[in-house]
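**Q** What follows is upload_2.cif, made up of mmCIF, C-alpha atoms:
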```cif
data_coords
loop_
_atom_site.label_atom_id
_atom_site.label_comp_id
_atom_site.auth_asym_id
_atom_site.auth_seq_id
_atom_site.Cartn_x
_atom_site.Cartn_y
_atom_site.Cartn_z
CA MET P 16 0.00 0.00 0.00
CA LYS P 17 0.98 3.61 -0.62
CA TYR P 18 -0.11 6.59 1.39
CA LEU P 19 0.64 10.15 0.30
CA GLY P 20 3.01 8.79 -2.32
CA TYR P 21 5.15 6.66 -0.01
CA ASP P 22 5.31 2.87 0.24
CA GLU P 23 4.06 1.48 3.53
CA ASN P 24 7.43 0.01 4.49
CA LYS P 25 9.20 3.31 3.91
CA LEU P 26 6.60 5.09 6.00
CA ARG P 27 7.07 2.64 8.86
CA ASP P 28 10.83 3.07 8.66
CA ARG P 29 10.40 6.82 9.03
CA ASP P 30 7.77 6.54 11.79
CA ALA P 31 5.25 8.17 9.46
CA TYR P 32 2.79 5.38 8.64
CA TRP P 33 -0.14 6.36 10.83
CA THR P 34 -0.04 10.06 9.99
CA ALA P 35 -0.03 9.37 6.24
CA ARG P 36 -2.74 6.75 6.48
CA GLU P 37 -4.97 8.86 8.71
CA ILE P 38 -4.74 11.87 6.39
CA GLU P 39 -5.51 9.82 3.30
CA GLN P 40 -8.34 7.79 4.83
CA GLN P 41 -10.48 10.82 5.62
CA PRO P 42 -12.90 10.80 2.65
CA GLU P 43 -13.75 7.16 3.30
CA ILE P 44 -14.20 7.81 7.02
CA TRP P 45 -16.53 10.74 6.40
CA LEU P 46 -18.90 8.44 4.55
CA LYS P 47 -18.90 6.16 7.59
CA VAL P 48 -19.65 9.14 9.83
CA GLY P 49 -22.60 10.03 7.59
CA ASP P 50 -23.96 6.47 7.77
CA TYR P 51 -23.62 6.44 11.55
CA LEU P 52 -25.44 9.73 11.97
CA ARG P 53 -28.28 8.63 9.70
CA SER P 54 -28.67 5.47 11.78
CA ARG P 55 -29.26 7.66 14.87
CA ARG P 56 -31.11 10.47 13.12
CA ALA P 57 -34.36 10.29 15.10
CA GLU P 58 -32.54 10.29 18.45
CA ILE P 59 -30.19 13.09 17.41
CA ASP P 60 -32.94 15.31 16.02
CA ALA P 61 -35.10 14.82 19.12
CA PHE P 62 -32.22 15.93 21.34
CA VAL P 63 -30.68 18.71 19.28
CA GLN P 64 -33.47 20.51 17.46
CA PRO P 65 -35.40 21.80 20.52
CA LEU P 66 -32.15 23.26 21.85
CA THR P 67 -30.90 24.88 18.64
CA SER P 68 -34.35 26.32 17.86
CA ASP P 69 -34.71 27.92 21.30
CA PRO P 70 -33.18 31.42 21.16
CA ASP P 71 -32.81 31.43 24.95
CA THR P 72 -30.42 28.46 24.93
CA ARG P 73 -26.79 29.43 24.98
CA ILE P 74 -24.59 27.24 22.76
CA ILE P 75 -20.93 26.69 23.70
CA LEU P 76 -18.51 24.67 21.57
CA THR P 77 -15.55 23.36 23.54
CA GLY P 78 -12.46 21.17 23.42
CA ALA P 79 -8.72 21.42 23.98
CA GLY P 80 -6.10 22.12 21.32
CA THR P 81 -7.18 20.87 17.91
CA SER P 82 -10.52 19.77 19.36
CA ALA P 83 -11.12 23.38 20.40
CA PHE P 84 -10.46 24.51 16.84
CA VAL P 85 -13.48 22.49 15.68
CA GLY P 86 -15.53 25.03 17.60
CA ASP P 87 -13.50 27.96 16.29
CA CYS P 88 -14.26 26.86 12.72
CA LEU P 89 -17.96 26.31 13.35
CA ALA P 90 -18.99 29.15 15.66
CA PRO P 91 -19.13 31.94 13.02
CA ILE P 92 -21.09 29.83 10.55
CA LEU P 93 -23.55 28.55 13.16
CA SER P 94 -24.06 32.06 14.54
CA ARG P 95 -25.05 33.19 11.08
CA MET P 96 -27.35 30.22 10.50
CA PHE P 97 -29.07 30.34 13.89
CA GLY P 98 -29.32 34.12 13.99
CA ARG P 99 -27.71 34.30 17.43
CA THR P 100 -24.26 34.08 18.93
CA VAL P 101 -22.68 30.64 19.15
CA GLU P 102 -19.54 30.67 21.30
CA ALA P 103 -16.32 28.70 20.96
CA ILE P 104 -14.62 28.53 24.37
CA ALA P 105 -11.76 26.08 24.92
CA THR P 106 -11.92 23.69 27.86
CA THR P 107 -8.55 25.11 28.87
CA ASP P 108 -10.33 28.43 29.51
CA LEU P 109 -13.52 26.97 30.98
CA VAL P 110 -11.62 24.90 33.54
CA SER P 111 -9.16 27.57 34.67
CA SER P 112 -11.85 30.23 35.16
CA PRO P 113 -15.32 28.63 35.16
CA ASP P 114 -17.05 31.56 36.85
CA SER P 115 -16.07 33.76 33.91
CA TYR P 116 -17.94 31.58 31.43
CA PHE P 117 -20.67 29.52 33.11
CA HIS P 118 -23.73 31.51 34.18
CA SER P 119 -26.05 29.41 36.30
CA ARG P 120 -29.40 30.83 35.24
CA ILE P 121 -28.83 30.68 31.46
CA PRO P 122 -29.98 27.45 29.76
CA THR P 123 -26.88 26.06 28.05
CA LEU P 124 -26.01 23.45 25.45
CA LEU P 125 -22.37 22.47 25.92
CA ILE P 126 -20.93 20.68 22.88
CA SER P 127 -17.67 18.91 23.69
CA PHE P 128 -15.16 17.61 21.14
CA ALA P 129 -12.42 15.17 22.12
CA ARG P 130 -10.31 12.62 20.27
CA SER P 131 -9.32 10.43 23.22
CA GLY P 132 -11.62 11.95 25.81
CA ASN P 133 -8.84 11.45 28.34
CA SER P 134 -7.55 15.02 28.57
CA PRO P 135 -8.22 16.12 32.17
CA GLU P 136 -9.80 19.37 31.00
CA SER P 137 -12.44 17.53 28.94
CA LEU P 138 -13.88 15.68 31.92
CA ALA P 139 -13.49 18.68 34.23
CA ALA P 140 -15.45 20.95 31.86
CA LEU P 141 -18.30 18.45 31.76
CA GLU P 142 -18.38 18.15 35.53
CA LEU P 143 -18.20 21.91 36.09
CA ALA P 144 -21.08 22.49 33.68
CA GLN P 145 -23.16 19.88 35.48
CA SER P 146 -22.50 21.40 38.89
CA MET P 147 -22.69 25.10 38.00
CA LEU P 148 -25.56 25.27 35.50
CA SER P 149 -29.14 24.76 36.59
CA ASP P 150 -30.25 23.91 33.03
CA CYS P 151 -27.48 22.18 31.11
CA SER P 152 -27.62 19.83 28.12
CA GLN P 153 -24.47 18.16 26.83
CA LEU P 154 -23.65 16.93 23.35
CA ILE P 155 -20.39 14.95 23.34
CA ILE P 156 -18.62 14.07 20.10
CA THR P 157 -15.62 11.82 20.66
CA CYS P 158 -13.52 9.15 18.95
CA ASN P 159 -12.71 6.79 21.82
CA GLU P 160 -15.25 4.52 23.47
CA ASP P 161 -12.71 3.73 26.19
CA GLY P 162 -12.19 7.39 27.01
CA ALA P 163 -13.17 8.98 30.30
CA LEU P 164 -15.38 11.54 28.55
CA PHE P 165 -17.34 8.88 26.67
CA ARG P 166 -17.99 6.93 29.88
CA ALA P 167 -18.94 10.04 31.86
CA GLY P 168 -21.24 11.24 29.09
CA LYS P 169 -23.10 7.96 29.15
CA GLU P 170 -23.84 8.49 32.84
CA CYS P 171 -24.65 12.19 32.50
CA ARG P 172 -28.20 13.52 32.67
CA ASP P 173 -29.53 15.42 29.64
CA ALA P 174 -26.66 14.25 27.45
CA LEU P 175 -26.18 12.69 24.04
CA VAL P 176 -22.89 11.00 23.14
CA LEU P 177 -21.84 10.50 19.51
CA LEU P 178 -18.98 8.05 18.95
CA MET P 179 -17.03 8.44 15.73
CA PRO P 180 -15.76 5.37 13.81
CA ALA P 181 -12.86 3.58 15.49
CA GLU P 182 -10.46 4.67 12.73
CA THR P 183 -10.86 8.30 13.81
CA ASN P 184 -9.15 7.66 17.14
CA ASP P 185 -5.87 8.60 15.47
CA GLN P 186 -2.89 6.44 16.37
CA ALA P 187 -0.51 9.19 15.25
CA PHE P 188 0.43 12.12 17.46
CA ALA P 189 -1.33 14.81 15.43
CA MET P 190 -5.10 14.95 15.09
CA THR P 191 -6.17 14.63 11.45
CA SER P 192 -9.11 12.32 10.73
CA SER P 193 -10.41 12.88 14.26
CA PHE P 194 -10.57 16.65 13.68
CA THR P 195 -12.41 16.47 10.38
CA SER P 196 -14.77 13.69 11.46
CA MET P 197 -15.87 15.56 14.58
CA LEU P 198 -16.23 18.69 12.47
CA LEU P 199 -18.43 16.84 9.99
CA ALA P 200 -20.50 15.24 12.74
CA ALA P 201 -21.13 18.59 14.39
CA ILE P 202 -22.13 20.23 11.12
CA SER P 203 -24.53 17.44 10.23
CA THR P 204 -25.99 17.21 13.72
CA LEU P 205 -26.53 20.93 14.27
CA ILE P 206 -27.63 21.93 10.79
CA GLY P 207 -29.74 18.82 10.26
CA ILE P 208 -28.68 15.39 9.11
CA SER P 209 -31.25 15.26 6.33
CA SER P 210 -30.27 18.65 4.93
CA TYR P 211 -26.50 18.15 5.04
CA ALA P 212 -26.23 14.44 4.23
CA PRO P 213 -26.35 14.93 0.43
CA ARG P 214 -23.26 17.16 0.66
CA VAL P 215 -21.09 14.64 2.49
CA ALA P 216 -20.47 12.38 -0.52
CA ARG P 217 -19.52 15.33 -2.68
CA VAL P 218 -17.13 16.77 -0.12
CA ALA P 219 -15.53 13.33 0.28
CA ALA P 220 -15.13 12.92 -3.48
CA CYS P 221 -13.58 16.38 -3.76
CA VAL P 222 -10.96 15.69 -1.09
CA GLU P 223 -10.23 12.20 -2.40
CA ASN P 224 -9.46 13.76 -5.79
CA LEU P 225 -7.37 16.50 -4.18
CA ILE P 226 -5.20 13.99 -2.30
CA ARG P 227 -4.73 11.92 -5.45
CA THR P 228 -3.95 14.77 -7.85
CA ARG P 229 -2.29 17.47 -5.73
CA ASN P 230 -0.09 15.51 -3.34
CA ASP P 231 3.04 15.94 -5.49
CA GLU P 232 2.42 19.68 -5.79
CA ILE P 233 2.10 20.02 -2.02
CA ARG P 234 5.21 17.91 -1.46
CA GLN P 235 7.16 20.16 -3.84
CA LEU P 236 5.94 23.21 -1.94
CA ALA P 237 7.23 21.69 1.30
CA ASP P 238 10.58 20.98 -0.37
CA ASN P 239 11.10 24.73 -0.77
CA ASP P 240 12.39 24.73 2.80
CA PHE P 241 10.61 27.75 4.29
CA SER P 242 11.69 28.64 7.81
CA TYR P 243 8.45 30.51 8.57
CA VAL P 244 4.88 29.78 7.48
CA VAL P 245 1.94 32.11 8.04
CA TYR P 246 -1.67 31.00 7.65
CA LEU P 247 -4.37 33.64 7.18
CA GLY P 248 -8.13 33.21 7.10
CA SER P 249 -11.30 35.18 7.75
CA ASN P 250 -14.47 34.09 9.50
CA SER P 251 -14.41 30.29 9.96
CA PHE P 252 -11.05 30.16 8.22
CA SER P 253 -9.57 32.07 11.14
CA GLY P 254 -10.09 28.91 13.21
CA LEU P 255 -8.74 26.84 10.34
CA ALA P 256 -5.61 29.01 10.24
CA ARG P 257 -5.06 28.18 13.92
CA GLU P 258 -5.36 24.46 13.20
CA ALA P 259 -3.09 24.62 10.14
CA SER P 260 -0.47 26.51 12.13
CA LEU P 261 -0.59 24.05 15.02
CA LYS P 262 -0.42 21.05 12.68
CA LEU P 263 2.80 22.28 11.09
CA LEU P 264 4.26 23.21 14.48
CA GLU P 265 3.45 19.78 15.94
CA LEU P 266 4.64 17.68 13.01
CA THR P 267 7.95 19.54 12.66
CA ASP P 268 8.53 19.69 16.44
CA GLY P 269 8.69 23.48 16.30
CA ARG P 270 11.56 23.55 13.84
CA ILE P 271 9.46 25.50 11.34
CA HIS P 272 8.03 28.62 12.92
CA THR P 273 4.37 29.31 12.30
CA MET P 274 1.80 32.03 12.82
CA HIS P 275 -1.92 32.38 12.25
CA ASP P 276 -4.09 35.46 11.90
CA SER P 277 -6.80 37.01 9.78
CA PRO P 278 -6.13 39.07 6.63
CA LEU P 279 -7.19 42.20 8.49
CA GLY P 280 -5.60 41.31 11.83
CA VAL P 281 -2.14 40.55 10.47
CA ARG P 282 -1.57 44.22 9.64
CA HIS P 283 -1.94 45.20 13.28
CA GLY P 284 1.56 44.26 14.39
CA PRO P 285 2.07 40.57 13.50
CA LYS P 286 3.07 41.50 9.95
CA ALA P 287 6.37 42.77 11.39
CA SER P 288 7.53 39.17 11.90
CA ILE P 289 7.18 38.25 8.21
CA ASN P 290 10.49 38.05 6.33
CA ASP P 291 11.96 37.01 3.00
CA ASP P 292 11.98 33.33 3.96
CA THR P 293 8.24 33.23 4.67
CA LEU P 294 5.45 31.27 3.01
CA VAL P 295 2.08 32.98 3.35
CA VAL P 296 -1.00 30.81 2.83
CA VAL P 297 -4.38 32.52 2.50
CA PHE P 298 -7.57 30.50 2.84
CA MET P 299 -9.85 32.32 0.38
CA SER P 300 -13.50 32.68 1.37
CA SER P 301 -16.33 31.90 -1.02
CA ASP P 302 -18.33 34.79 0.43
CA SER P 303 -18.05 37.68 -2.03
CA TYR P 304 -17.87 40.32 0.72
CA THR P 305 -15.31 38.55 2.91
CA ARG P 306 -13.28 37.63 -0.18
CA LYS P 307 -12.58 41.32 -0.84
CA TYR P 308 -10.48 41.47 2.34
CA ASP P 309 -8.72 38.20 1.46
CA THR P 310 -7.87 39.56 -1.97
CA ASP P 311 -6.56 42.84 -0.56
CA ILE P 312 -3.97 41.12 1.63
CA LEU P 313 -2.83 39.00 -1.33
CA ASN P 314 -2.37 42.10 -3.43
CA GLU P 315 -0.57 43.89 -0.60
CA PHE P 316 1.96 41.12 -0.02
CA SER P 317 2.47 40.71 -3.76
CA ALA P 318 3.11 44.43 -4.27
CA GLU P 319 5.50 44.72 -1.31
CA GLY P 320 7.60 41.73 -2.36
CA GLN P 321 8.69 41.02 1.21
CA VAL P 322 7.74 37.32 1.35
CA ARG P 323 9.31 34.45 -0.56
CA GLN P 324 6.06 32.83 -1.67
CA ILE P 325 2.32 33.41 -1.42
CA VAL P 326 -0.24 30.63 -1.88
CA ALA P 327 -3.94 31.31 -2.30
CA LEU P 328 -6.19 28.33 -1.63
CA THR P 329 -9.37 29.04 -3.50
CA ALA P 330 -12.50 27.46 -4.94
CA GLU P 331 -12.20 29.58 -8.07
CA ASN P 332 -9.31 31.62 -9.44
CA ASP P 333 -11.05 34.90 -10.17
CA LEU P 334 -8.40 37.16 -8.60
CA ASN P 335 -7.03 40.17 -10.40
CA ARG P 336 -3.39 39.93 -9.35
CA ASN P 337 -1.05 36.98 -9.55
CA THR P 338 0.45 35.29 -6.54
CA ASP P 339 3.23 32.76 -6.83
CA LEU P 340 0.67 29.98 -6.76
CA PHE P 341 -3.07 29.58 -6.94
CA MET P 342 -4.13 26.21 -5.61
CA THR P 343 -7.63 25.98 -7.02
CA VAL P 344 -9.60 23.12 -5.48
CA GLU P 345 -11.45 21.37 -8.30
CA ASN P 346 -15.25 20.95 -8.33
CA THR P 347 -15.84 23.39 -5.48
CA GLN P 348 -17.13 26.45 -7.35
CA ASP P 349 -20.47 26.25 -5.53
CA PHE P 350 -19.02 25.22 -2.16
CA SER P 351 -19.75 27.42 0.82
CA ASP P 352 -17.02 28.09 3.37
CA LEU P 353 -18.54 25.25 5.38
CA GLU P 354 -17.64 22.74 2.66
CA LEU P 355 -14.30 24.39 1.87
CA LEU P 356 -13.07 23.71 5.40
CA PHE P 357 -12.46 20.08 4.40
CA PRO P 358 -10.25 20.43 1.31
CA TYR P 359 -8.42 23.38 2.85
CA VAL P 360 -7.51 21.50 6.01
CA ALA P 361 -6.44 18.47 3.96
CA VAL P 362 -3.91 20.68 2.16
CA ALA P 363 -2.58 21.96 5.49
CA GLN P 364 -2.29 18.42 6.87
CA MET P 365 -0.43 17.21 3.79
CA TYR P 366 1.90 20.20 3.86
CA GLY P 367 2.71 19.57 7.52
CA PHE P 368 3.36 15.88 6.85
CA HIS P 369 5.70 16.49 3.90
CA SER P 370 7.49 19.27 5.80
CA ALA P 371 8.16 16.91 8.70
CA LEU P 372 9.68 14.29 6.40
CA ARG P 373 11.76 16.93 4.60
CA ILE P 374 13.48 17.98 7.82
CA GLY P 375 13.94 14.36 8.92
CA ASN P 376 11.35 14.41 11.68
CA ARG P 377 9.06 11.52 12.64
CA PRO P 378 5.43 12.51 12.01
CA ASP P 379 3.90 9.75 14.16
CA ASN P 380 6.03 10.70 17.18
CA PRO P 381 7.35 14.16 16.39
CA SER P 382 8.39 15.43 19.83
CA ALA P 383 12.07 14.56 20.18
CA SER P 384 12.15 15.71 23.79
CA GLY P 385 9.01 13.82 24.75
CA THR P 386 7.69 16.91 26.49
CA VAL P 387 4.65 17.17 24.20
CA ASN P 388 2.35 14.15 24.23
CA ARG P 389 -0.50 12.67 22.21
CA VAL P 390 -2.73 12.93 25.29
CA VAL P 391 -1.77 15.89 27.42
CA GLN P 392 0.10 15.14 30.64
CA GLY P 393 0.94 17.11 33.75
CA VAL P 394 -2.45 18.82 34.13
CA LYS P 395 -3.80 19.07 37.68
CA ILE P 396 -7.50 19.75 38.15
CA TYR P 397 -8.31 21.72 41.30
CA SER P 398 -11.56 21.88 43.21
CA ARG P 399 -13.51 25.05 42.55
CA PRO P 400 -13.84 27.23 45.66
CA ALA P 401 -17.29 27.11 47.20
#
```
Would you mind writing the file's structure down as structure tokens?
**A**
Amino acid sequence: MKYLGYDENKLRDRDAYWTAREIEQQPEIWLKVGDYLRSRRAEIDAFVQPLTSDPDTRIILTGAGTSAFVGDCLAPILSRMFGRTVEAIATTDLVSSPDSYFHSRIPTLLISFARSGNSPESLAALELAQSMLSDCSQLIITCNEDGALFRAGKECRDALVLLMPAETNDQAFAMTSSFTSMLLAAISTLIGISSYAPRVARVAACVENLIRTRNDEIRQLADNDFSYVVYLGSNSFSGLAREASLKLLELTDGRIHTMHDSPLGVRHGPKASINDDTLVVVFMSSDSYTRKYDTDILNEFSAEGQVRQIVALTAENDLNRNTDLFMTVENTQDFSDLELLFPYVAVAQMYGFHSALRIGNRPDNPSASGTVNRVVQGVKIYSRPA
């Protein structure tokens, strides 16, 4: 078998097998996620729809690290769809200062994302919500049936637990198929399984084609040996920029410096860190209004000539000025930003993987010092003062 252009034996020799496999398996896994959600459609709709249709119910999306970025990607889109604010608040914030975020008299739907479900913050956030909120419903989306969060959710009142296919409990260090599968499950569950289900097959086919046809191009981009990579995105792509930045940082063990921001935000100071050995990647929005701001920052960087290379990821190349590279994702001209999250993140995952191999790092176990772990260690959970 080959994954991302490498023979299985070579991948195993370079401690890269699971990362490559878990990136490439995603389109197939998403179809499994869709089948699973359809099998539980009546139960899911009965739990979710009364909560999402009630304007008085506060909706919080939570998780730690990459799991938190699921919420960052979804919150702007869901806020727009529901006509009210949907909040993305990481468990790492909820647990360290619960009184700042949990308000006892406000009905709340807490949606938790977790690959393993064994991060101490995941369980602590659930327990704090249960104890501090008088009206709390919990939707838990996780990838590990042996995880503490899965078991606790099963015992929790007013809770629904969705278990992703076993293959999504990534064996590699970095979250890849777990991230996208939980993202897909949340989209389908909150928007409506019946309304989103027809899109799943098309998104999967698009990304399968992208992995097959653009892998060499992405590998060549990684071979350019950039010392600094900046990811920029607006709206939901701001959360995606965070995930892309973290993925590269994790897989290269910090040896390639990364930054994330929005096309407007980067001008307010962070732009000072960009140099002539920088790759700038802009996730282009499909929204015509937002896209104007994305285009402006492309034009600005191009005119200034201060960066080594600019890449625009886009559904359609309709831009007026040239960058060094347009990576147009095929068959996505009518995709909303919601659908574009999936091919865009696949590109970022592949770039991180190829960059790790280029520098001689081990993608499946990238932390040479062992101080950064697949499941976070060293976290103490303290009792909240009465």
**Q** If the PyMOL selection byres ((chain P and resi 16-32) around 6) were run on this exact file, what residues would it hold? Put them as a list in words.
**A**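 Selected by the PyMOL selection byres ((chain P and resi 16-32) around 6) in this file: Trp33, Thr34, Ala35, Arg36, Arg377, Pro378 and Asp379 of chain P.
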**Q** So that I can see what lies close to P:Pro65, please list as a VMD selection string the residues with an atom at most 12 Å from it, counting only C-alpha atoms and leaving out residues fewer than 5 positions away in the same chain.
**A** chain P and resid 59 to 60 70 to 72 124 152 205
**Q** For the file shown, what are the residues hit by the PyMOL selection byres ((chain P and resi 316) around 12), laid out as a VMD selection string?
**A** chain P and resid 278 281 to 282 286 289 to 291 293 to 297 309 to 315 317 to 327 336 to 339
**Q** Within 8 Å of stretch 84-93 of chain P, counting all atoms listed in the file, which residues show up once you throw out same-chain ones fewer than 4 positions away? Write them as a list in words, please.
**A**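 With the cut-off at 8 Å, the set is Leu76, Thr77, Gly78, Ala79, Gly80, Phe97, Thr100, Val101, Glu102, Ala103, Ile104, Phe128, Phe194, Met197, Leu198, Ile202, Asn250, Ser251, Phe252, Ser253, Gly254, Leu255, Arg257, Glu258 and Leu353 of chain P.
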**Q** Could you expand the PyMOL selection byres ((chain P and resi 136) around 7) into the explicit residues it covers here, written as a PyMOL selection string?
**A** chain P and resi 106-107+110+134-135+137-140
**Q** Can you tell me which residues surround P:Arg214 at a distance of at most 10 Å, considering only C-alpha atoms, apart from same-chain residues fewer than 4 positions away, and format the answer as a PDB file with C-alpha atoms, keeping the file's coordinate frame?
**A**
```
ATOM      1  CA  GLY P  49     -22.600  10.030   7.590  1.00  0.00           C
ATOM      2  CA  SER P 203     -24.530  17.440  10.230  1.00  0.00           C
ATOM      3  CA  SER P 209     -31.250  15.260   6.330  1.00  0.00           C
ATOM      4  CA  SER P 210     -30.270  18.650   4.930  1.00  0.00           C
ATOM      5  CA  VAL P 218     -17.130  16.770  -0.120  1.00  0.00           C
ATOM      6  CA  ALA P 219     -15.530  13.330   0.280  1.00  0.00           C
ATOM      7  CA  PHE P 350     -19.020  25.220  -2.160  1.00  0.00           C
ATOM      8  CA  GLU P 354     -17.640  22.740   2.660  1.00  0.00           C
TER       9      GLU P 354
END
```
**Q** What is the atom CA of P:Ile44 to atom CA of P:Leu236 distance in Å?
**A**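 Going from atom CA of P:Ile44 over to atom CA of P:Leu236 covers 26.9 Å.
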**Q** List as an mmCIF file with C-alpha atoms, keeping the file's coordinate frame the protein and nucleic acid residues near P:Leu164, meaning an atom at most 7 Å away when only C-alpha atoms are counted, but skip any in the same chain fewer than 2 places from it.
**A**
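Result saved to result_19.cif:
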```
data_model
loop_
_atom_site.group_PDB
_atom_site.id
_atom_site.type_symbol
_atom_site.label_atom_id
_atom_site.label_comp_id
_atom_site.auth_asym_id
_atom_site.auth_seq_id
_atom_site.Cartn_x
_atom_site.Cartn_y
_atom_site.Cartn_z
ATOM 1 C CA GLY P 132 -11.620 11.950 25.810
ATOM 2 C CA ASN P 133 -8.840 11.450 28.340
ATOM 3 C CA SER P 137 -12.440 17.530 28.940
ATOM 4 C CA LEU P 138 -13.880 15.680 31.920
ATOM 5 C CA GLY P 162 -12.190 7.390 27.010
ATOM 6 C CA ARG P 166 -17.990 6.930 29.880
ATOM 7 C CA ALA P 167 -18.940 10.040 31.860
ATOM 8 C CA GLY P 168 -21.240 11.240 29.090
#
```
**Q** Atom CA of P:Glu265 to atom CA of P:Val360: how many Å, to one decimal?
**A**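 Distance between the two atoms: 14.9 Å.
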**Q** Go ahead and find all residues with at least one atom no further than 9 Å from (13.3, 18.2, 3.9) in the file's coordinates, using all atoms listed in the file; report them as a PDB file with C-alpha atoms, in the coordinates of the input.
**A**
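Result written to out08.pdb:
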```
ATOM      1  CA  ALA P 237       7.230  21.690   1.300  1.00  0.00           C
ATOM      2  CA  ASP P 238      10.580  20.980  -0.370  1.00  0.00           C
ATOM      3  CA  ASN P 239      11.100  24.730  -0.770  1.00  0.00           C
ATOM      4  CA  ASP P 240      12.390  24.730   2.800  1.00  0.00           C
ATOM      5  CA  HIS P 369       5.700  16.490   3.900  1.00  0.00           C
ATOM      6  CA  SER P 370       7.490  19.270   5.800  1.00  0.00           C
ATOM      7  CA  ALA P 371       8.160  16.910   8.700  1.00  0.00           C
ATOM      8  CA  LEU P 372       9.680  14.290   6.400  1.00  0.00           C
ATOM      9  CA  ARG P 373      11.760  16.930   4.600  1.00  0.00           C
ATOM     10  CA  ILE P 374      13.480  17.980   7.820  1.00  0.00           C
ATOM     11  CA  GLY P 375      13.940  14.360   8.920  1.00  0.00           C
ATOM     12  CA  ASN P 376      11.350  14.410  11.680  1.00  0.00           C
TER      13      ASN P 376
END
```
**Q** Tell me which protein, DNA and RNA residues are within 10 Å of P:Thr195, counting all atoms listed in the file, leaving out same-chain ones fewer than 2 positions away, and put them as a list in words.
**A**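 Returned residues: Ile38, Gln41, Pro42, Ile44, Trp45, Ser82, Val85, Thr183, Met190, Thr191, Ser192, Ser193, Met197, Leu198, Leu199, Ala200, Ala201, Leu356, Phe357, Val360 and Ala361 of chain P.
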**Q** Please save C-alpha atoms of the selected residues as a CSV table (one decimal), in the frame of the given file.
**A**
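Once written, again34.csv looks like this:
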```
chain,number,residue,atom,x,y,z
P,38,ILE,CA,-4.7,11.9,6.4
P,41,GLN,CA,-10.5,10.8,5.6
P,42,PRO,CA,-12.9,10.8,2.6
P,44,ILE,CA,-14.2,7.8,7.0
P,45,TRP,CA,-16.5,10.7,6.4
P,82,SER,CA,-10.5,19.8,19.4
P,85,VAL,CA,-13.5,22.5,15.7
P,183,THR,CA,-10.9,8.3,13.8
P,190,MET,CA,-5.1,15.0,15.1
P,191,THR,CA,-6.2,14.6,11.4
P,192,SER,CA,-9.1,12.3,10.7
P,193,SER,CA,-10.4,12.9,14.3
P,197,MET,CA,-15.9,15.6,14.6
P,198,LEU,CA,-16.2,18.7,12.5
P,199,LEU,CA,-18.4,16.8,10.0
P,200,ALA,CA,-20.5,15.2,12.7
P,201,ALA,CA,-21.1,18.6,14.4
P,356,LEU,CA,-13.1,23.7,5.4
P,357,PHE,CA,-12.5,20.1,4.4
P,360,VAL,CA,-7.5,21.5,6.0
P,361,ALA,CA,-6.4,18.5,4.0
```
**Q** Given the choices P:Pro122, P:Pro358, P:Gly207, P:Gly269, which gets closest to P:Cys221 if the distance is worked out from all atoms listed in the file?
**A**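 Under the stated criterion, the closest residue is P:Pro358.
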**Q** Taking all atoms listed in the file into account, which of P:His275, P:Arg217, P:Arg229, P:Arg130 comes nearest P:Asn184?
**A**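 Among P:His275, P:Arg217, P:Arg229, P:Arg130, it is P:Arg130 that comes nearest to P:Asn184.
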**Q** Taking all atoms listed in the file into account, which of P:Cys158, P:Asp173, P:Thr228, P:Ser94 comes nearest P:Thr123?
**A** P:Asp173
**Q** With all atoms listed in the file as the basis for distance, which of P:Thr204, P:Thr347, P:Ser115, P:Gln40 is at the shortest distance from P:Leu52?
**A**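 When distances to P:Leu52 are compared using all atoms listed in the file, the smallest one comes from P:Thr204.
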**Q** Considering only C-alpha atoms, state which residue in the set P:Glu170, P:Asp352, P:Tyr366, P:Ala216 is at the smallest distance from P:Val244.
**A**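 Answer, going by the shortest atom-to-atom distance: P:Tyr366.
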**Q** To one decimal in Å, tell me the separation between atom CA of P:Arg172 and atom CA of P:Ala212.
**A** 28.5 Å
